[in-house]
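**Q** Data file model35.cif (mmCIF, C-alpha atoms) is appended below.
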```cif
data_entry
loop_
_atom_site.label_atom_id
_atom_site.label_comp_id
_atom_site.auth_asym_id
_atom_site.auth_seq_id
_atom_site.Cartn_x
_atom_site.Cartn_y
_atom_site.Cartn_z
CA MET C 1 81.93 126.08 114.84
CA PRO C 2 78.66 127.22 116.51
CA VAL C 3 78.28 130.99 116.69
CA ALA C 4 78.16 131.06 120.51
CA LEU C 5 81.26 128.90 120.79
CA ALA C 6 83.11 130.99 118.24
CA ARG C 7 82.21 134.19 120.13
CA ARG C 8 83.44 132.65 123.41
CA SER C 9 86.70 131.60 121.77
CA ARG C 10 87.27 135.16 120.58
CA VAL C 11 86.60 136.47 124.07
CA LEU C 12 89.04 133.98 125.63
CA ALA C 13 91.64 134.77 123.03
CA ALA C 14 91.24 138.46 123.68
CA CYS C 15 91.63 137.92 127.43
CA ALA C 16 94.72 135.79 126.95
CA VAL C 17 96.75 138.73 125.71
CA PRO C 18 96.60 140.84 128.92
CA VAL C 19 96.93 137.71 131.11
CA ALA C 20 100.07 136.68 129.25
CA ALA C 21 101.38 140.21 129.60
CA LEU C 22 100.77 140.16 133.36
CA LEU C 23 102.53 136.81 133.69
CA ALA C 24 105.49 138.13 131.72
CA VAL C 25 105.70 141.16 134.02
CA ALA C 26 105.46 138.92 137.09
CA VAL C 27 108.34 136.78 135.90
CA PHE C 28 110.68 139.73 135.57
CA ALA C 29 109.33 142.15 138.21
CA PRO C 30 110.88 142.03 141.72
CA LEU C 31 108.59 140.53 144.36
CA PRO C 32 108.40 141.33 148.12
CA PHE C 33 110.14 138.12 149.16
CA SER C 34 113.53 137.02 150.40
CA LEU C 35 115.20 133.71 149.68
CA ALA C 36 116.76 131.99 152.68
CA GLU C 37 119.00 128.97 153.13
CA PRO C 38 120.87 127.29 156.00
CA GLY C 39 123.38 129.72 157.43
CA LEU C 40 126.45 129.45 159.62
CA THR C 41 126.52 127.82 163.02
CA ALA C 42 128.90 128.77 165.82
CA ASP C 43 129.96 126.93 168.97
CA VAL C 44 129.29 129.35 171.83
CA LEU C 45 131.66 127.31 174.04
CA GLY C 46 134.51 127.92 171.62
CA SER C 47 135.95 130.79 169.63
CA LYS C 48 135.16 132.57 166.39
CA LYS C 49 137.66 134.61 164.43
CA GLY C 50 140.21 134.15 167.19
CA GLU C 51 137.99 135.45 170.01
CA GLN C 52 136.28 133.41 172.70
CA VAL C 53 132.54 133.73 172.29
CA ILE C 54 131.99 133.63 176.07
CA THR C 55 134.49 135.20 178.45
CA ILE C 56 133.92 135.08 182.21
CA SER C 57 135.60 137.04 184.97
CA GLY C 58 134.92 137.04 188.71
CA ALA C 59 134.55 133.26 188.68
CA GLU C 60 136.68 130.38 187.43
CA PRO C 61 135.19 129.02 184.19
CA ARG C 62 135.09 125.26 183.67
CA LYS C 63 136.89 123.45 180.90
CA THR C 64 134.16 122.04 178.71
CA THR C 65 133.83 119.30 176.12
CA GLY C 66 131.26 119.00 173.38
CA GLU C 67 129.71 121.90 171.51
CA LEU C 68 126.69 124.18 171.87
CA ARG C 69 126.00 125.56 168.41
CA MET C 70 123.78 128.53 167.74
CA THR C 71 122.25 128.42 164.27
CA THR C 72 121.34 130.99 161.64
CA ILE C 73 119.74 131.40 158.25
CA ALA C 74 121.34 133.26 155.35
CA ALA C 75 118.90 135.43 153.39
CA THR C 76 119.11 137.57 150.29
CA GLY C 77 119.68 141.21 151.12
CA PRO C 78 116.86 143.74 151.53
CA ASP C 79 117.74 145.32 148.19
CA ALA C 80 118.00 142.04 146.27
CA ALA C 81 115.59 141.56 143.37
CA VAL C 82 113.63 138.31 143.77
CA GLY C 83 111.59 137.30 140.72
CA LEU C 84 108.81 134.81 140.16
CA ASP C 85 111.25 132.21 138.85
CA ASP C 86 113.26 132.47 142.09
CA VAL C 87 110.10 132.10 144.18
CA VAL C 88 108.88 129.04 142.25
CA ASP C 89 112.34 127.44 142.47
CA GLY C 90 112.44 128.08 146.23
CA TRP C 91 109.05 126.46 146.78
CA PHE C 92 110.29 123.18 145.34
CA ARG C 93 113.63 123.00 147.16
CA ALA C 94 114.09 121.61 150.64
CA ASP C 95 117.35 123.53 151.16
CA ARG C 96 115.82 126.93 150.43
CA ALA C 97 112.80 128.84 151.67
CA VAL C 98 110.75 131.72 150.32
CA MET C 99 109.91 134.18 153.11
CA PRO C 100 108.04 137.49 153.10
CA ARG C 101 110.70 140.19 153.11
CA ASP C 102 109.11 142.00 156.05
CA SER C 103 109.44 138.83 158.16
CA VAL C 104 113.19 138.73 157.49
CA TYR C 105 113.78 142.49 157.61
CA PRO C 106 110.96 143.88 159.76
CA VAL C 107 112.34 147.40 160.08
CA GLY C 108 114.60 149.84 158.29
CA GLU C 109 114.69 151.56 154.94
CA ASN C 110 118.17 150.50 153.89
CA THR C 111 120.88 147.96 154.60
CA ASP C 112 122.71 150.14 157.15
CA GLU C 113 119.55 150.68 159.23
CA ILE C 114 118.71 146.99 159.14
CA GLU C 115 122.22 145.95 160.15
CA GLU C 116 122.19 148.38 163.07
CA TYR C 117 118.81 147.05 164.18
CA ASN C 118 120.10 143.47 164.05
CA ARG C 119 123.19 144.42 166.04
CA ALA C 120 121.01 146.05 168.67
CA GLU C 121 118.85 142.91 168.81
CA MET C 122 121.98 140.80 169.29
CA ARG C 123 123.27 143.05 172.10
CA GLU C 124 119.93 142.85 173.89
CA SER C 125 119.87 139.06 173.40
CA GLN C 126 123.32 138.78 174.98
CA ASP C 127 122.30 140.90 177.96
CA THR C 128 119.13 138.91 178.60
CA ALA C 129 120.96 135.60 178.12
CA THR C 130 123.51 136.63 180.73
CA ALA C 131 120.79 137.73 183.15
CA ALA C 132 118.85 134.49 182.63
CA ALA C 133 121.91 132.26 183.12
CA LEU C 134 123.11 134.03 186.27
CA ASP C 135 119.60 134.04 187.71
CA HIS C 136 119.27 130.31 187.00
CA LEU C 137 122.54 129.66 188.83
CA GLY C 138 121.81 132.04 191.70
CA ARG C 139 124.88 134.11 190.85
CA SER C 140 125.10 137.87 191.27
CA PRO C 141 125.97 139.98 188.21
CA LYS C 142 127.95 142.17 190.63
CA ASP C 143 130.38 139.29 191.23
CA VAL C 144 130.40 137.54 187.87
CA LYS C 145 130.96 139.42 184.62
CA VAL C 146 130.16 137.77 181.31
CA THR C 147 131.30 139.12 177.95
CA LEU C 148 129.80 137.73 174.75
CA ARG C 149 131.37 138.24 171.33
CA LEU C 150 130.07 136.85 168.07
CA ALA C 151 131.07 138.83 165.00
CA ASP C 152 128.94 139.06 161.85
CA VAL C 153 125.79 137.67 163.46
CA GLY C 154 122.72 139.73 164.31
CA GLY C 155 119.26 139.24 165.76
CA PRO C 156 117.91 137.74 168.99
CA SER C 157 117.66 134.05 168.13
CA ALA C 158 120.91 132.93 169.80
CA GLY C 159 119.68 133.86 173.28
CA LEU C 160 118.96 130.32 174.45
CA MET C 161 122.31 128.95 173.30
CA PHE C 162 124.22 131.87 174.86
CA ALA C 163 122.49 131.22 178.18
CA LEU C 164 123.24 127.49 178.02
CA GLY C 165 126.87 128.24 177.20
CA ILE C 166 127.21 130.45 180.28
CA VAL C 167 125.59 127.78 182.47
CA ASP C 168 127.93 125.11 181.09
CA LYS C 169 131.03 127.23 181.63
CA LEU C 170 130.06 128.08 185.22
CA ASP C 171 128.27 124.96 186.45
CA GLY C 172 128.10 122.25 183.79
CA ASP C 173 125.42 119.70 184.60
CA GLY C 174 125.65 120.55 188.30
CA ARG C 175 127.37 117.26 189.11
CA GLY C 176 130.83 117.87 187.73
CA GLY C 177 130.03 116.90 184.15
CA ASP C 178 129.39 118.85 180.98
CA LEU C 179 125.94 120.06 180.05
CA THR C 180 126.56 118.74 176.54
CA GLY C 181 127.62 115.28 177.65
CA GLY C 182 130.38 115.62 175.07
CA ARG C 183 127.85 115.85 172.23
CA THR C 184 127.46 118.48 169.54
CA ILE C 185 124.16 120.11 170.42
CA ALA C 186 122.58 122.85 168.34
CA GLY C 187 119.53 124.98 168.87
CA THR C 188 117.72 128.25 168.53
CA GLY C 189 115.34 130.41 170.52
CA THR C 190 115.01 133.85 172.01
CA ILE C 191 115.25 134.21 175.76
CA THR C 192 113.98 136.65 178.36
CA ALA C 193 115.78 137.72 181.52
CA ASP C 194 113.58 135.36 183.54
CA GLY C 195 114.50 132.42 181.32
CA ARG C 196 111.47 132.05 179.03
CA VAL C 197 112.27 130.71 175.55
CA GLY C 198 110.46 132.13 172.51
CA PRO C 199 110.06 131.28 168.80
CA VAL C 200 112.34 132.58 166.09
CA GLY C 201 111.34 131.41 162.59
CA GLY C 202 113.40 129.67 159.92
CA VAL C 203 113.65 126.50 162.03
CA PRO C 204 113.66 123.96 159.14
CA LEU C 205 116.67 125.71 157.62
CA LYS C 206 118.42 125.88 160.98
CA THR C 207 118.00 122.14 161.55
CA ARG C 208 119.69 121.55 158.20
CA ALA C 209 122.56 123.83 159.20
CA ALA C 210 122.86 121.96 162.51
CA GLU C 211 122.97 118.53 160.88
CA ARG C 212 125.47 119.76 158.29
CA ASP C 213 127.82 120.92 161.07
CA GLY C 214 127.71 117.69 163.06
CA ALA C 215 124.91 118.17 165.59
CA THR C 216 122.90 115.17 166.74
CA VAL C 217 120.50 117.06 169.03
CA PHE C 218 118.52 120.22 168.30
CA LEU C 219 116.83 122.37 170.94
CA VAL C 220 113.74 124.01 169.49
CA PRO C 221 111.17 126.39 171.00
CA ALA C 222 108.23 124.11 171.82
CA GLU C 223 105.71 126.05 169.75
CA GLU C 224 107.83 125.49 166.64
CA CYS C 225 107.94 121.70 166.94
CA GLY C 226 105.64 121.27 163.94
CA ASP C 227 107.86 123.37 161.69
CA ALA C 228 110.97 121.52 162.88
CA ARG C 229 109.44 118.07 162.31
CA ALA C 230 108.22 118.90 158.81
CA GLU C 231 111.65 118.69 157.17
CA LEU C 232 113.82 117.21 159.92
CA PRO C 233 117.18 115.88 158.68
CA GLU C 234 117.77 112.20 159.38
CA GLY C 235 119.68 111.50 162.59
CA LEU C 236 118.84 114.81 164.30
CA ARG C 237 116.89 114.51 167.57
CA LEU C 238 114.50 117.31 168.50
CA ILE C 239 114.07 118.46 172.09
CA PRO C 240 111.32 121.07 172.68
CA VAL C 241 111.97 123.71 175.33
CA THR C 242 109.97 126.53 176.88
CA SER C 243 112.53 127.77 179.42
CA LEU C 244 116.21 127.78 180.24
CA GLU C 245 115.55 125.55 183.25
CA GLY C 246 113.70 123.10 181.03
CA ALA C 247 116.56 123.03 178.54
CA VAL C 248 119.13 122.40 181.28
CA ASN C 249 116.99 119.62 182.76
CA ALA C 250 116.42 118.03 179.35
CA LEU C 251 120.14 117.93 178.58
CA ALA C 252 120.89 116.47 182.02
CA ALA C 253 118.23 113.80 181.45
CA LEU C 254 119.66 113.04 178.03
CA GLU C 255 123.07 112.38 179.56
CA ARG C 256 121.74 110.26 182.44
CA GLY C 257 119.26 108.23 180.45
CA GLY C 258 116.23 109.92 181.98
CA ARG C 259 113.01 111.08 180.39
CA VAL C 260 113.65 113.65 177.67
CA PRO C 261 110.87 115.75 176.13
CA HIS C 262 110.17 115.20 172.44
CA CYS C 263 108.22 116.92 169.69
#
```
What is this structure when it is put down as structure tokens?
**A**
Amino acid sequence: MPVALARRSRVLAACAVPVAALLAVAVFAPLPFSLAEPGLTADVLGSKKGEQVITISGAEPRKTTGELRMTTIAATGPDAAVGLDDVVDGWFRADRAVMPRDSVYPVGENTDEIEEYNRAEMRESQDTATAAALDHLGRSPKDVKVTLRLADVGGPSAGLMFALGIVDKLDGDGRGGDLTGGRTIAGTGTITADGRVGPVGGVPLKTRAAERDGATVFLVPAEECGDARAELPEGLRLIPVTSLEGAVNALAALERGGRVPHC
């Protein structure tokens, strides 16, 4: 072996020891990631754990058909140890995602703080969903009271589906029919009091949860169309939305054979 080549081989061999050690540490050391998978879905027009999700007083609610399903992801806890082998496995599976932990749990030092934050986010989402729905219908919150209950779910991403559920229970499609058209419709999206729909994250996993639970249509924040299309389950139709009014109009068009937005 030439002297130069032999010297280089010794250098490479010497470097291989610390590199191998670093790789071994990486395999077993916890990494700042969470593993997520499709979570539960819940029909906001129905009940969960024996309680109606949407209860209305001050106005006679409609009897509805079909389902409006809010969707979730299920993630490893903030204290869970996620190793390199878990991360690599998650990258190669369509039913699991690797997400930066601070994107799943953006605040809080422990599980209790994070759970309280998520509950607060859910309460705010319910309030804004109610305000958006009543404003859309021209109803006064002084005359119509809406109570929303959904146990064991936190965060703001059910806002759009809550608002649509309130609209369906009070007004349907505006012509005596159901907003769902009898279908199982799922979706996700934050909402503001003036009806603007915002992105949420985890959309590919939520579409899988929706398809698993029987949905044929999925309402997605328009700016997340690309993410939703990337791993869309077969047979699930995407409808992009930017506002509550747009979502209501799209569902009405779907039922009447009109023009429906698409990703």
**Q** With the PyMOL selection byres ((chain C and resi 136) around 12) as the selection, what would be picked from this file? Answer as a PDB file with C-alpha atoms, keeping the file's coordinate frame, please.
**A**
```pdb
ATOM      1  CA  ALA C 129     120.960 135.600 178.120  1.00  0.00           C
ATOM      2  CA  THR C 130     123.510 136.630 180.730  1.00  0.00           C
ATOM      3  CA  ALA C 131     120.790 137.730 183.150  1.00  0.00           C
ATOM      4  CA  ALA C 132     118.850 134.490 182.630  1.00  0.00           C
ATOM      5  CA  ALA C 133     121.910 132.260 183.120  1.00  0.00           C
ATOM      6  CA  LEU C 134     123.110 134.030 186.270  1.00  0.00           C
ATOM      7  CA  ASP C 135     119.600 134.040 187.710  1.00  0.00           C
ATOM      8  CA  LEU C 137     122.540 129.660 188.830  1.00  0.00           C
ATOM      9  CA  GLY C 138     121.810 132.040 191.700  1.00  0.00           C
ATOM     10  CA  ARG C 139     124.880 134.110 190.850  1.00  0.00           C
ATOM     11  CA  SER C 140     125.100 137.870 191.270  1.00  0.00           C
ATOM     12  CA  PRO C 141     125.970 139.980 188.210  1.00  0.00           C
ATOM     13  CA  ALA C 163     122.490 131.220 178.180  1.00  0.00           C
ATOM     14  CA  LEU C 164     123.240 127.490 178.020  1.00  0.00           C
ATOM     15  CA  ILE C 166     127.210 130.450 180.280  1.00  0.00           C
ATOM     16  CA  VAL C 167     125.590 127.780 182.470  1.00  0.00           C
ATOM     17  CA  ASP C 168     127.930 125.110 181.090  1.00  0.00           C
ATOM     18  CA  LEU C 170     130.060 128.080 185.220  1.00  0.00           C
ATOM     19  CA  ASP C 171     128.270 124.960 186.450  1.00  0.00           C
ATOM     20  CA  GLY C 174     125.650 120.550 188.300  1.00  0.00           C
ATOM     21  CA  THR C 192     113.980 136.650 178.360  1.00  0.00           C
ATOM     22  CA  ALA C 193     115.780 137.720 181.520  1.00  0.00           C
ATOM     23  CA  ASP C 194     113.580 135.360 183.540  1.00  0.00           C
ATOM     24  CA  GLY C 195     114.500 132.420 181.320  1.00  0.00           C
ATOM     25  CA  ARG C 196     111.470 132.050 179.030  1.00  0.00           C
ATOM     26  CA  SER C 243     112.530 127.770 179.420  1.00  0.00           C
ATOM     27  CA  LEU C 244     116.210 127.780 180.240  1.00  0.00           C
ATOM     28  CA  GLU C 245     115.550 125.550 183.250  1.00  0.00           C
ATOM     29  CA  GLY C 246     113.700 123.100 181.030  1.00  0.00           C
ATOM     30  CA  ALA C 247     116.560 123.030 178.540  1.00  0.00           C
ATOM     31  CA  VAL C 248     119.130 122.400 181.280  1.00  0.00           C
ATOM     32  CA  ASN C 249     116.990 119.620 182.760  1.00  0.00           C
TER      33      ASN C 249
END
```
**Q** Nearest to Gly58 (chain C) among C:Arg119, C:Lys142, C:Arg101, C:Lys169, with distances taken over only C-alpha atoms: which residue is it?
**A**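 Using only C-alpha atoms, Gly58 (chain C) sits closest to C:Lys142.
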**Q** Translate the PyMOL selection byres ((chain C and resi 229) around 12) into a concrete residue list for this structure, as a ChimeraX atom specification.
**A** /C:203-208,218,220,222-228,230-234,236-240,262-263
**Q** Name all residues at most 9 Å from Arg123 (chain C) (count only C-alpha atoms; drop same-chain ones fewer than 2 positions away) and give them as JSON, numbers by chain.
**A** {"C": [118, 119, 120, 121, 125, 126, 127, 128, 148, 154, 155, 156]}
**Q** Using CA of Arg259 (chain C) and CA of Met70 (chain C) as the two end points, give the distance in Å to one decimal.
**A**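 Going from CA of Arg259 (chain C) over to CA of Met70 (chain C) covers 24.1 Å.
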**Q** Of the candidates C:Leu179, C:Ile191, C:Ala36, C:Ala210, which one gets nearest to Glu124 (chain C) if we count only C-alpha atoms?
**A**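 Looking at the shortest contact to Glu124 (chain C), the residue is C:Ile191.
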**Q** Which residues come within 10 Å of Gly214 (chain C), counting all atoms listed in the file, excluding same-chain residues fewer than 6 positions away, as a ChimeraX atom specification?
**A** /C:67,69,183-186,236
**Q** Work out how far apart CA of Ala42 (chain C) and CA of Ala75 (chain C) are and give it in Å to one decimal.
**A**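 So the answer is 17.3 Å.
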**Q** For Thr76 (chain C), work out the shell of residues within 10 Å, counting only C-alpha atoms and skipping chain neighbours fewer than 5 positions away, then give it as an mmCIF file with C-alpha atoms, in the frame of the given file.
**A**
```cif
data_model
loop_
_atom_site.group_PDB
_atom_site.id
_atom_site.type_symbol
_atom_site.label_atom_id
_atom_site.label_comp_id
_atom_site.auth_asym_id
_atom_site.auth_seq_id
_atom_site.Cartn_x
_atom_site.Cartn_y
_atom_site.Cartn_z
ATOM 1 C CA PHE C 33 110.140 138.120 149.160
ATOM 2 C CA SER C 34 113.530 137.020 150.400
ATOM 3 C CA LEU C 35 115.200 133.710 149.680
ATOM 4 C CA ALA C 36 116.760 131.990 152.680
ATOM 5 C CA GLU C 37 119.000 128.970 153.130
ATOM 6 C CA ALA C 81 115.590 141.560 143.370
ATOM 7 C CA VAL C 82 113.630 138.310 143.770
ATOM 8 C CA ARG C 101 110.700 140.190 153.110
ATOM 9 C CA VAL C 104 113.190 138.730 157.490
#
```
**Q** Applying the PyMOL selection byres ((chain C and resi 41) around 10) to the file I just gave you, which residues come out? Please list them as a list in words.
**A**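 For this structure, the PyMOL selection byres ((chain C and resi 41) around 10) resolves to Pro38, Gly39, Leu40, Ala42, Asp43, Val44, Leu68, Arg69, Met70, Thr71, Thr72, Ile73, Val153, Ala186, Gly187, Lys206, Ala209, Ala210, Arg212 and Asp213 of chain C.
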**Q** For Asp102 (chain C), which residue among C:Pro261, C:Gly182, C:Gly46, C:Pro32 is the nearest when counting only C-alpha atoms?
**A**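 Among the listed residues, C:Pro32 lies closest to Asp102 (chain C).
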**Q** Using only C-alpha atoms, pick whichever of C:Ala151, C:Ala250, C:Thr242, C:Tyr105 has the shortest atom-to-atom distance to Pro199 (chain C).
**A**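 Counting only C-alpha atoms, the residue closest to Pro199 (chain C) is C:Thr242.
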**Q** Box for region 242-245 of chain C - axis-aligned, 3 Å on each of the six sides, all listed atoms - centre and size in Å to one decimal, as JSON.
**A**
```
{"center_x": 113.1, "center_y": 126.7, "center_z": 180.1, "size_x": 12.2, "size_y": 8.2, "size_z": 12.4}
```
